There are 2 protein chains.
Amino acid sequence: MSTAADAIAQALGVLLQRRFRSGLYASLTDGVHDAVDAAAYPVLSGVARLGPVSAAALGTQIGLDRSVVSRRAAALVTAGLLTTTADPDDARATLLSLTSEGRRVVKALRMRLVAAIDAHLADWPEGQRRDFARLFAKFVEPGTL
Amino acid sequence: MSTAADAIAQALGVLLQRRFRSGLYASLTDGVHDAVDAAAYPVLSGVARLGPVSAAALGTQIGLDRSVVSRRAAALVTAGLLTTTADPDDARATLLSLTSEGRRVVKALRMRLVAAIDAHLADWPEGQRRDFARLFAKFVEPGTL
DNA sequence: TATTGTTATACTCTATAACTATA
DNA sequence: TATAGTTATAGAGTATAACAATA
């Protein structure tokens, strides 16, 4: 019977609402680039985070089937945000990388997200900001849940 | 240029991954009741939280269109977890309430979620648990984001 | 035999639109 | 007029299955 767990459960419920996720991603991606929307976001930022990566490996990391990654990536390649190179170690695989335009878009998205969070925490005392950032990062570490 | 916002942005990205949401809700609802899955969860817990409530009002609160709430609620009524009563103040509206079976299921789901969070925080110092719960609740308060 | 990328297909969830009844 | 609930329809996003190529 934990009051902390109760409060966390409730807060988690808010974040996991579809409205929160799609609303946040839609506002982040709106107007940044024609080919980037809430669905393309995880693929694009995944490639940014994981460097040259195959569709199968990226899918495993971001929780999408390789077929979905393949289709999204193809659209981002057409749009000039991703590029493909042959994997020198495995002729079956194709590695996905950001183009310079892709890097520009990822950077813009990242800045928007950080700016939105900064604005949201504008009136928080610095100590609380720091504490929350540290504890939130710890909370999402792999493990239970 | 905020280190805190950077860390929060990254943690948020983890929580908003589809895998996290569907995985959590699937594990919570698995085996609890045939009619309850990840899609029914928000409707059922919404009725639990908001008491007798109309489909339109519930939809507004949980971020779903009333048509979706209507369909999900109908299934939950058929399954014996929800019951409908006429709104004495508005003959257009139908109020959704939990049946005793619905209360049992909601209680079980709630216990599972709290238990999962408690287990996840098992090795956290009590002070950190309390701090995180408080700051996390504050973070999800309506506003920017 | 297993895995990669790709494509066609089906499934799940949701929003939109249209309808009737009531405010 | 506006809003409630309902239903049919369409849309978005994803997973599954099957294929050829490579491991």
# chains A, B, ... in the order shown; residues from 1 in each chain; ligands from 1

$ residues_around --residues "B:Leu109" --least-positions-apart "6" --cutoff "8 Å" --atoms "only C-alpha atoms (C1' of nucleotides)" --output "list in words"
Leu28, Thr29 and Val32 of chain B

$ residues_around --residues "stretch 1-14 of chain D" --least-positions-apart "2" --cutoff "10 Å" --atoms "only C-alpha atoms (C1' of nucleotides)" --output "count of residues only"
31

$ select_by_dssp --residues "chain B" --states "helix (DSSP H, G or I)" --output "ChimeraX atom specification"
/B:3-16,18-29,40-50,55-62,66-78,100-120,126-139

$ interface_residues --of "chain A" --to "chain B" --cutoff "9 Å" --atoms "only C-alpha atoms" --output "MDAnalysis selection string"
chainID A and resid 1:21 23:24 27 42 62:64 110 113:121 128:141 143:145

$ atom_distance --atom1 "atom CA of A:Gly80" --atom2 "atom C1' of C:DT9"
28.5 Å

$ select_by_dssp --residues "chain B" --states "strand (DSSP E or B)" --output "list of chain:residue names"
B:Val53, B:Ser54, B:Leu82, B:Thr83, B:Thr84, B:Thr85, B:Ala86, B:Thr94, B:Leu95, B:Leu96, B:Ser97, B:Leu98

$ write_last_selection --atoms "N, CA and C atoms" --output "PDB file, in the first residue's frame"
ATOM      1  N   VAL B  53     -21.000   8.640 -15.376  1.00  0.00           N
ATOM      2  CA  VAL B  53     -20.568   9.655 -16.330  1.00  0.00           C
ATOM      3  C   VAL B  53     -21.120   9.314 -17.708  1.00  0.00           C
ATOM      4  N   SER B  54     -21.395  10.324 -18.484  1.00  0.00           N
ATOM      5  CA  SER B  54     -21.886  10.102 -19.838  1.00  0.00           C
ATOM      6  C   SER B  54     -20.723   9.777 -20.764  1.00  0.00           C
ATOM      7  N   LEU B  82     -19.967  -2.931 -16.928  1.00  0.00           N
ATOM      8  CA  LEU B  82     -20.566  -1.610 -16.817  1.00  0.00           C
ATOM      9  C   LEU B  82     -22.079  -1.746 -16.881  1.00  0.00           C
ATOM     10  N   THR B  83     -22.745  -0.749 -16.332  1.00  0.00           N
ATOM     11  CA  THR B  83     -24.195  -0.700 -16.439  1.00  0.00           C
ATOM     12  C   THR B  83     -24.597   0.723 -16.794  1.00  0.00           C
ATOM     13  N   THR B  84     -25.732   0.858 -17.458  1.00  0.00           N
ATOM     14  CA  THR B  84     -26.169   2.192 -17.861  1.00  0.00           C
ATOM     15  C   THR B  84     -27.437   2.574 -17.117  1.00  0.00           C
ATOM     16  N   THR B  85     -27.532   3.838 -16.781  1.00  0.00           N
ATOM     17  CA  THR B  85     -28.745   4.369 -16.160  1.00  0.00           C
ATOM     18  C   THR B  85     -29.088   5.673 -16.849  1.00  0.00           C
ATOM     19  N   ALA B  86     -30.361   6.000 -16.864  1.00  0.00           N
ATOM     20  CA  ALA B  86     -30.779   7.258 -17.481  1.00  0.00           C
ATOM     21  C   ALA B  86     -30.314   8.418 -16.609  1.00  0.00           C
ATOM     22  N   THR B  94     -26.895   9.071 -21.161  1.00  0.00           N
ATOM     23  CA  THR B  94     -26.918   7.782 -20.472  1.00  0.00           C
ATOM     24  C   THR B  94     -25.675   7.724 -19.590  1.00  0.00           C
ATOM     25  N   LEU B  95     -25.881   7.447 -18.324  1.00  0.00           N
ATOM     26  CA  LEU B  95     -24.736   7.432 -17.410  1.00  0.00           C
ATOM     27  C   LEU B  95     -24.135   6.035 -17.291  1.00  0.00           C
ATOM     28  N   LEU B  96     -22.837   5.980 -17.364  1.00  0.00           N
ATOM     29  CA  LEU B  96     -22.111   4.720 -17.243  1.00  0.00           C
ATOM     30  C   LEU B  96     -21.611   4.556 -15.808  1.00  0.00           C
ATOM     31  N   SER B  97     -21.833   3.355 -15.267  1.00  0.00           N
ATOM     32  CA  SER B  97     -21.360   3.055 -13.912  1.00  0.00           C
ATOM     33  C   SER B  97     -20.755   1.657 -13.899  1.00  0.00           C
ATOM     34  N   LEU B  98     -19.959   1.386 -12.875  1.00  0.00           N
ATOM     35  CA  LEU B  98     -19.393   0.058 -12.717  1.00  0.00           C
ATOM     36  C   LEU B  98     -20.415  -0.868 -12.085  1.00  0.00           C
TER      37      LEU B  98
END

$ closest_residue --among "B:Asp87, B:Thr78, B:Ala35, B:Leu58" --to "chain C" --atoms "only C-alpha atoms (C1' of nucleotides)"
B:Asp87

$ atom_distance --atom1 "atom CA of B:Gly46" --atom2 "atom CA of B:Arg72"
11.8 Å

$ closest_atom_pairs --of "chain C" --to "chain A" --cutoff "9 Å" --atoms "only C-alpha atoms (C1' of nucleotides)" --output "CSV"
residue,atom,partner,partner_atom,distance
C:DT3,C1',A:Arg92,CA,8.2
C:DT4,C1',A:Arg92,CA,4.8
C:DG5,C1',A:Ser70,CA,7.2
C:DT6,C1',A:Ser67,CA,7.5
C:DT7,C1',A:Ser67,CA,8.8

$ write_last_selection --atoms "N, CA, C and O atoms (P, O5', C5', C4', C3', O3' and C1' of nucleotides)" --output "PDB file, in the first residue's frame"
ATOM      1  P    DT C   3      17.096 -16.497 -36.636  1.00  0.00           P
ATOM      2  O5'  DT C   3      17.449 -15.403 -37.743  1.00  0.00           O
ATOM      3  C5'  DT C   3      18.813 -15.054 -37.939  1.00  0.00           C
ATOM      4  C4'  DT C   3      18.914 -14.051 -39.058  1.00  0.00           C
ATOM      5  C3'  DT C   3      17.917 -12.876 -38.943  1.00  0.00           C
ATOM      6  O3'  DT C   3      18.623 -11.668 -39.181  1.00  0.00           O
ATOM      7  C1'  DT C   3      17.769 -13.852 -41.068  1.00  0.00           C
ATOM      8  P    DT C   4      17.972 -10.261 -38.946  1.00  0.00           P
ATOM      9  O5'  DT C   4      18.005  -9.597 -40.390  1.00  0.00           O
ATOM     10  C5'  DT C   4      19.252  -9.387 -41.059  1.00  0.00           C
ATOM     11  C4'  DT C   4      18.963  -8.888 -42.466  1.00  0.00           C
ATOM     12  C3'  DT C   4      17.906  -7.800 -42.494  1.00  0.00           C
ATOM     13  O3'  DT C   4      18.486  -6.552 -42.857  1.00  0.00           O
ATOM     14  C1'  DT C   4      17.471  -9.509 -44.127  1.00  0.00           C
ATOM     15  P    DG C   5      17.621  -5.214 -42.701  1.00  0.00           P
ATOM     16  O5'  DG C   5      16.809  -5.172 -44.067  1.00  0.00           O
ATOM     17  C5'  DG C   5      17.538  -5.063 -45.288  1.00  0.00           C
ATOM     18  C4'  DG C   5      16.575  -5.204 -46.460  1.00  0.00           C
ATOM     19  C3'  DG C   5      15.420  -4.202 -46.441  1.00  0.00           C
ATOM     20  O3'  DG C   5      15.344  -3.570 -47.708  1.00  0.00           O
ATOM     21  C1'  DG C   5      14.592  -6.408 -46.669  1.00  0.00           C
ATOM     22  P    DT C   6      14.339  -2.372 -47.954  1.00  0.00           P
ATOM     23  O5'  DT C   6      13.076  -3.063 -48.620  1.00  0.00           O
ATOM     24  C5'  DT C   6      13.274  -3.858 -49.789  1.00  0.00           C
ATOM     25  C4'  DT C   6      12.026  -4.667 -50.086  1.00  0.00           C
ATOM     26  C3'  DT C   6      10.728  -3.851 -50.123  1.00  0.00           C
ATOM     27  O3'  DT C   6      10.336  -3.751 -51.484  1.00  0.00           O
ATOM     28  C1'  DT C   6      10.468  -5.979 -49.051  1.00  0.00           C
ATOM     29  P    DT C   7       9.227  -2.694 -51.894  1.00  0.00           P
ATOM     30  O5'  DT C   7       7.881  -3.535 -51.815  1.00  0.00           O
ATOM     31  C5'  DT C   7       7.722  -4.675 -52.659  1.00  0.00           C
ATOM     32  C4'  DT C   7       6.545  -5.496 -52.198  1.00  0.00           C
ATOM     33  C3'  DT C   7       5.225  -4.726 -52.054  1.00  0.00           C
ATOM     34  O3'  DT C   7       4.310  -5.216 -53.024  1.00  0.00           O
ATOM     35  C1'  DT C   7       5.609  -6.203 -50.214  1.00  0.00           C
TER      36       DT C   7
END

$ decode --residues "stretch 25-57 of chain A" --atoms "N, CA, C and O atoms" --output "PDB file, in the first residue's frame"
ATOM      1  N   TYR A  25       3.841  14.787 -30.200  1.00  0.00           N
ATOM      2  CA  TYR A  25       4.597  14.538 -31.422  1.00  0.00           C
ATOM      3  C   TYR A  25       4.085  15.370 -32.591  1.00  0.00           C
ATOM      4  O   TYR A  25       4.857  15.807 -33.432  1.00  0.00           O
ATOM      5  N   ALA A  26       2.774  15.560 -32.634  1.00  0.00           N
ATOM      6  CA  ALA A  26       2.221  16.367 -33.723  1.00  0.00           C
ATOM      7  C   ALA A  26       2.712  17.808 -33.621  1.00  0.00           C
ATOM      8  O   ALA A  26       3.086  18.418 -34.621  1.00  0.00           O
ATOM      9  N   SER A  27       2.729  18.344 -32.413  1.00  0.00           N
ATOM     10  CA  SER A  27       3.178  19.728 -32.255  1.00  0.00           C
ATOM     11  C   SER A  27       4.675  19.848 -32.532  1.00  0.00           C
ATOM     12  O   SER A  27       5.144  20.855 -33.048  1.00  0.00           O
ATOM     13  N   LEU A  28       5.412  18.799 -32.221  1.00  0.00           N
ATOM     14  CA  LEU A  28       6.856  18.838 -32.460  1.00  0.00           C
ATOM     15  C   LEU A  28       7.183  18.789 -33.943  1.00  0.00           C
ATOM     16  O   LEU A  28       8.084  19.479 -34.415  1.00  0.00           O
ATOM     17  N   THR A  29       6.444  17.960 -34.665  1.00  0.00           N
ATOM     18  CA  THR A  29       6.783  17.735 -36.066  1.00  0.00           C
ATOM     19  C   THR A  29       6.090  18.709 -37.012  1.00  0.00           C
ATOM     20  O   THR A  29       6.487  18.825 -38.168  1.00  0.00           O
ATOM     21  N   ASP A  30       5.087  19.410 -36.515  1.00  0.00           N
ATOM     22  CA  ASP A  30       4.284  20.278 -37.383  1.00  0.00           C
ATOM     23  C   ASP A  30       5.126  21.361 -38.051  1.00  0.00           C
ATOM     24  O   ASP A  30       5.723  22.211 -37.388  1.00  0.00           O
ATOM     25  N   GLY A  31       5.172  21.314 -39.361  1.00  0.00           N
ATOM     26  CA  GLY A  31       5.854  22.349 -40.123  1.00  0.00           C
ATOM     27  C   GLY A  31       7.354  22.186 -40.234  1.00  0.00           C
ATOM     28  O   GLY A  31       8.014  22.979 -40.905  1.00  0.00           O
ATOM     29  N   VAL A  32       7.909  21.176 -39.594  1.00  0.00           N
ATOM     30  CA  VAL A  32       9.360  20.990 -39.645  1.00  0.00           C
ATOM     31  C   VAL A  32       9.794  20.466 -41.014  1.00  0.00           C
ATOM     32  O   VAL A  32      10.769  20.932 -41.594  1.00  0.00           O
ATOM     33  N   HIS A  33       9.042  19.480 -41.515  1.00  0.00           N
ATOM     34  CA  HIS A  33       9.369  18.901 -42.818  1.00  0.00           C
ATOM     35  C   HIS A  33       8.162  18.098 -43.274  1.00  0.00           C
ATOM     36  O   HIS A  33       7.534  17.416 -42.481  1.00  0.00           O
ATOM     37  N   ASP A  34       7.885  18.164 -44.575  1.00  0.00           N
ATOM     38  CA  ASP A  34       6.697  17.502 -45.109  1.00  0.00           C
ATOM     39  C   ASP A  34       6.659  16.011 -44.786  1.00  0.00           C
ATOM     40  O   ASP A  34       5.597  15.446 -44.541  1.00  0.00           O
ATOM     41  N   ALA A  35       7.820  15.370 -44.806  1.00  0.00           N
ATOM     42  CA  ALA A  35       7.854  13.913 -44.661  1.00  0.00           C
ATOM     43  C   ALA A  35       7.896  13.465 -43.209  1.00  0.00           C
ATOM     44  O   ALA A  35       7.884  12.279 -42.927  1.00  0.00           O
ATOM     45  N   VAL A  36       7.943  14.415 -42.280  1.00  0.00           N
ATOM     46  CA  VAL A  36       8.089  14.043 -40.874  1.00  0.00           C
ATOM     47  C   VAL A  36       6.800  14.301 -40.107  1.00  0.00           C
ATOM     48  O   VAL A  36       6.345  15.434 -39.993  1.00  0.00           O
ATOM     49  N   ASP A  37       6.212  13.232 -39.610  1.00  0.00           N
ATOM     50  CA  ASP A  37       5.039  13.344 -38.749  1.00  0.00           C
ATOM     51  C   ASP A  37       5.255  12.447 -37.535  1.00  0.00           C
ATOM     52  O   ASP A  37       6.349  11.920 -37.333  1.00  0.00           O
ATOM     53  N   ALA A  38       4.202  12.279 -36.764  1.00  0.00           N
ATOM     54  CA  ALA A  38       4.332  11.519 -35.523  1.00  0.00           C
ATOM     55  C   ALA A  38       4.766  10.079 -35.778  1.00  0.00           C
ATOM     56  O   ALA A  38       5.414   9.464 -34.932  1.00  0.00           O
ATOM     57  N   ALA A  39       4.426   9.538 -36.941  1.00  0.00           N
ATOM     58  CA  ALA A  39       4.793   8.156 -37.241  1.00  0.00           C
ATOM     59  C   ALA A  39       6.250   8.043 -37.680  1.00  0.00           C
ATOM     60  O   ALA A  39       6.922   7.051 -37.403  1.00  0.00           O
ATOM     61  N   ALA A  40       6.737   9.060 -38.364  1.00  0.00           N
ATOM     62  CA  ALA A  40       8.119   9.023 -38.847  1.00  0.00           C
ATOM     63  C   ALA A  40       9.104   9.368 -37.729  1.00  0.00           C
ATOM     64  O   ALA A  40      10.276   8.960 -37.783  1.00  0.00           O
ATOM     65  N   TYR A  41       8.624  10.065 -36.737  1.00  0.00           N
ATOM     66  CA  TYR A  41       9.489  10.557 -35.656  1.00  0.00           C
ATOM     67  C   TYR A  41      10.347   9.471 -35.013  1.00  0.00           C
ATOM     68  O   TYR A  41      11.575   9.625 -34.939  1.00  0.00           O
ATOM     69  N   PRO A  42       9.746   8.383 -34.540  1.00  0.00           N
ATOM     70  CA  PRO A  42      10.588   7.387 -33.863  1.00  0.00           C
ATOM     71  C   PRO A  42      11.640   6.765 -34.762  1.00  0.00           C
ATOM     72  O   PRO A  42      12.731   6.435 -34.305  1.00  0.00           O
ATOM     73  N   VAL A  43      11.323   6.595 -36.050  1.00  0.00           N
ATOM     74  CA  VAL A  43      12.298   6.022 -36.976  1.00  0.00           C
ATOM     75  C   VAL A  43      13.455   6.998 -37.184  1.00  0.00           C
ATOM     76  O   VAL A  43      14.632   6.634 -37.075  1.00  0.00           O
ATOM     77  N   LEU A  44      13.114   8.241 -37.437  1.00  0.00           N
ATOM     78  CA  LEU A  44      14.147   9.244 -37.687  1.00  0.00           C
ATOM     79  C   LEU A  44      15.031   9.447 -36.460  1.00  0.00           C
ATOM     80  O   LEU A  44      16.259   9.442 -36.555  1.00  0.00           O
ATOM     81  N   SER A  45      14.415   9.603 -35.313  1.00  0.00           N
ATOM     82  CA  SER A  45      15.213   9.831 -34.112  1.00  0.00           C
ATOM     83  C   SER A  45      15.948   8.556 -33.709  1.00  0.00           C
ATOM     84  O   SER A  45      17.009   8.620 -33.093  1.00  0.00           O
ATOM     85  N   GLY A  46      15.397   7.418 -34.080  1.00  0.00           N
ATOM     86  CA  GLY A  46      16.079   6.158 -33.806  1.00  0.00           C
ATOM     87  C   GLY A  46      17.365   6.044 -34.603  1.00  0.00           C
ATOM     88  O   GLY A  46      18.403   5.640 -34.072  1.00  0.00           O
ATOM     89  N   VAL A  47      17.309   6.417 -35.865  1.00  0.00           N
ATOM     90  CA  VAL A  47      18.518   6.387 -36.686  1.00  0.00           C
ATOM     91  C   VAL A  47      19.530   7.391 -36.139  1.00  0.00           C
ATOM     92  O   VAL A  47      20.737   7.108 -36.084  1.00  0.00           O
ATOM     93  N   ALA A  48      19.027   8.540 -35.687  1.00  0.00           N
ATOM     94  CA  ALA A  48      19.928   9.546 -35.123  1.00  0.00           C
ATOM     95  C   ALA A  48      20.635   9.007 -33.885  1.00  0.00           C
ATOM     96  O   ALA A  48      21.816   9.263 -33.667  1.00  0.00           O
ATOM     97  N   ARG A  49      19.902   8.249 -33.087  1.00  0.00           N
ATOM     98  CA  ARG A  49      20.454   7.767 -31.817  1.00  0.00           C
ATOM     99  C   ARG A  49      21.368   6.559 -32.018  1.00  0.00           C
ATOM    100  O   ARG A  49      22.374   6.417 -31.329  1.00  0.00           O
ATOM    101  N   LEU A  50      21.009   5.703 -32.963  1.00  0.00           N
ATOM    102  CA  LEU A  50      21.711   4.426 -33.086  1.00  0.00           C
ATOM    103  C   LEU A  50      22.691   4.376 -34.244  1.00  0.00           C
ATOM    104  O   LEU A  50      23.223   3.315 -34.567  1.00  0.00           O
ATOM    105  N   GLY A  51      22.916   5.518 -34.863  1.00  0.00           N
ATOM    106  CA  GLY A  51      23.904   5.569 -35.943  1.00  0.00           C
ATOM    107  C   GLY A  51      23.502   4.704 -37.115  1.00  0.00           C
ATOM    108  O   GLY A  51      22.336   4.335 -37.229  1.00  0.00           O
ATOM    109  N   PRO A  52      24.430   4.346 -38.001  1.00  0.00           N
ATOM    110  CA  PRO A  52      24.084   3.469 -39.125  1.00  0.00           C
ATOM    111  C   PRO A  52      23.538   2.166 -38.574  1.00  0.00           C
ATOM    112  O   PRO A  52      24.213   1.490 -37.807  1.00  0.00           O
ATOM    113  N   VAL A  53      22.311   1.841 -38.954  1.00  0.00           N
ATOM    114  CA  VAL A  53      21.640   0.698 -38.344  1.00  0.00           C
ATOM    115  C   VAL A  53      20.729   0.035 -39.364  1.00  0.00           C
ATOM    116  O   VAL A  53      20.192   0.700 -40.256  1.00  0.00           O
ATOM    117  N   SER A  54      20.566  -1.260 -39.250  1.00  0.00           N
ATOM    118  CA  SER A  54      19.686  -1.977 -40.158  1.00  0.00           C
ATOM    119  C   SER A  54      18.238  -1.802 -39.708  1.00  0.00           C
ATOM    120  O   SER A  54      17.967  -1.478 -38.552  1.00  0.00           O
ATOM    121  N   ALA A  55      17.314  -2.060 -40.614  1.00  0.00           N
ATOM    122  CA  ALA A  55      15.894  -1.925 -40.298  1.00  0.00           C
ATOM    123  C   ALA A  55      15.486  -2.907 -39.208  1.00  0.00           C
ATOM    124  O   ALA A  55      14.720  -2.569 -38.300  1.00  0.00           O
ATOM    125  N   ALA A  56      16.022  -4.103 -39.260  1.00  0.00           N
ATOM    126  CA  ALA A  56      15.665  -5.113 -38.265  1.00  0.00           C
ATOM    127  C   ALA A  56      16.166  -4.719 -36.882  1.00  0.00           C
ATOM    128  O   ALA A  56      15.428  -4.803 -35.889  1.00  0.00           O
ATOM    129  N   ALA A  57      17.421  -4.250 -36.824  1.00  0.00           N
ATOM    130  CA  ALA A  57      17.993  -3.864 -35.533  1.00  0.00           C
ATOM    131  C   ALA A  57      17.270  -2.647 -34.974  1.00  0.00           C
ATOM    132  O   ALA A  57      16.977  -2.576 -33.769  1.00  0.00           O
TER     133      ALA A  57
END
